[in-house]
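Colleague: Shown below is the structure under consideration.
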Amino acid sequence: MTMFATLQMDREIDPNIHYISIGGFELRFSNGVAIAFDFNSSVANIRKDPSYIRFECDEPDFDSFPEAELLEWLLLHSEVEKSWSSMSIQAKNTKPSSIQSELTQ
């Protein structure tokens, strides 16, 4: 399972002065199920427009969040609607102004 998230920050990102990290996710499904999860690995890249940063997160942390193994099954069923109920973003010297994300198997 891999998650891609693109954040638009309130200014151009300078990796020498800005620290941006994401983690601590939860998806809430229309059937009432909420699944908390996180990843052991992530890579961030500044986009052509330097106010955007794209994260690629993989290696789900099933040790800390064993219920996250249900996500792959839930995501395969198109009749299950999903929405973010939380995403933790840590940013030093900047703040996000928009978020786009995609979670894939």
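Chain lettering (A, B, ...) mirrors the order of the structure tokens, residue numbering begins at 1 for each chain separately, and ligand numbering begins at 1 in order of display.
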Determine which residues of stretch 2-98 of chain A receive a DSSP assignment of strand (DSSP E), computed from the backbone, and state them as a ChimeraX atom specification.
Modeller: /A:2-9,19-29,34-37,39-46,52-60,82-92,96-98
Colleague: Extract, using only C-alpha atoms, all DNA, RNA and protein residues at most 12 Å from stretch 16-21 of chain A, discarding same-chain residues fewer than 6 positions from it, and format them as a VMD selection string.
Modeller: chain A and resid 5 to 10 39 41 to 46 50 to 57 87 to 96
Colleague: Kindly save the residues from that selection, with C-alpha atoms included, as an mmCIF file, in the first residue's frame.
Modeller:
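To be explicit, this is the file written out as result21.cif:
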```cif
data_model
loop_
_atom_site.group_PDB
_atom_site.id
_atom_site.type_symbol
_atom_site.label_atom_id
_atom_site.label_comp_id
_atom_site.auth_asym_id
_atom_site.auth_seq_id
_atom_site.Cartn_x
_atom_site.Cartn_y
_atom_site.Cartn_z
ATOM 1 C CA ALA A 5 -0.046 13.394 -0.743
ATOM 2 C CA THR A 6 0.581 16.807 -2.265
ATOM 3 C CA LEU A 7 0.573 19.812 0.032
ATOM 4 C CA GLN A 8 0.454 23.391 -1.160
ATOM 5 C CA MET A 9 2.199 25.523 1.414
ATOM 6 C CA ASP A 10 1.635 29.216 2.142
ATOM 7 C CA PHE A 39 3.908 4.426 7.333
ATOM 8 C CA SER A 41 8.916 5.220 5.063
ATOM 9 C CA SER A 42 8.256 8.453 3.198
ATOM 10 C CA VAL A 43 9.988 10.552 0.566
ATOM 11 C CA ALA A 44 9.210 14.204 -0.114
ATOM 12 C CA ASN A 45 9.918 16.121 -3.307
ATOM 13 C CA ILE A 46 9.425 19.805 -4.007
ATOM 14 C CA PRO A 50 8.165 25.437 -5.084
ATOM 15 C CA SER A 51 5.116 26.063 -2.888
ATOM 16 C CA TYR A 52 4.059 22.411 -3.511
ATOM 17 C CA ILE A 53 5.596 19.362 -1.869
ATOM 18 C CA ARG A 54 4.663 15.779 -2.801
ATOM 19 C CA PHE A 55 5.033 12.912 -0.347
ATOM 20 C CA GLU A 56 5.210 9.244 -1.254
ATOM 21 C CA CYS A 57 4.600 7.078 1.813
ATOM 22 C CA MET A 87 -3.881 13.759 8.937
ATOM 23 C CA SER A 88 -1.112 15.157 11.100
ATOM 24 C CA ILE A 89 1.139 17.717 9.412
ATOM 25 C CA GLN A 90 4.194 19.143 11.115
ATOM 26 C CA ALA A 91 5.657 22.216 9.475
ATOM 27 C CA LYS A 92 8.315 24.616 10.684
ATOM 28 C CA ASN A 93 8.345 28.179 9.284
ATOM 29 C CA THR A 94 5.440 27.484 6.892
ATOM 30 C CA LYS A 95 1.882 26.082 6.902
ATOM 31 C CA PRO A 96 -0.254 24.162 4.389
#
```
Colleague: Quick one: pull the distance between atom CA of A:Pro15 and atom CA of A:Asp49, Å, one decimal.
Modeller: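 Calculated distance between atom CA of A:Pro15 and atom CA of A:Asp49 is 13.9 Å.
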Colleague: Using only C-alpha atoms, can you tell me which of A:Glu67, A:Ser101, A:Gly32, A:Asp58 comes closest to A:Met1?
Modeller: A:Asp58
Colleague: Using DSSP on the backbone, list every residue of stretch 31-83 of chain A that comes out as alpha helix (DSSP H), and give them as a list of chain:residue names.
Modeller: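 So the alpha helix (DSSP H) residues in stretch 31-83 of chain A would be A:Glu69, A:Leu70, A:Leu71, A:Glu72, A:Trp73, A:Leu74, A:Leu75, A:Leu76.
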Colleague: Could you tell me how far atom CA of A:Ser64 lies from atom CA of A:Leu76, in Å and to one decimal?
Modeller: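 Going from atom CA of A:Ser64 over to atom CA of A:Leu76, I get 22.7 Å.
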Colleague: Kindly give the distance, in Å, that separates atom CA of A:Ile99 and atom CA of A:Ile35, rounded to a single decimal.
Modeller: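 Separation between atom CA of A:Ile99 and atom CA of A:Ile35: 19.6 Å.
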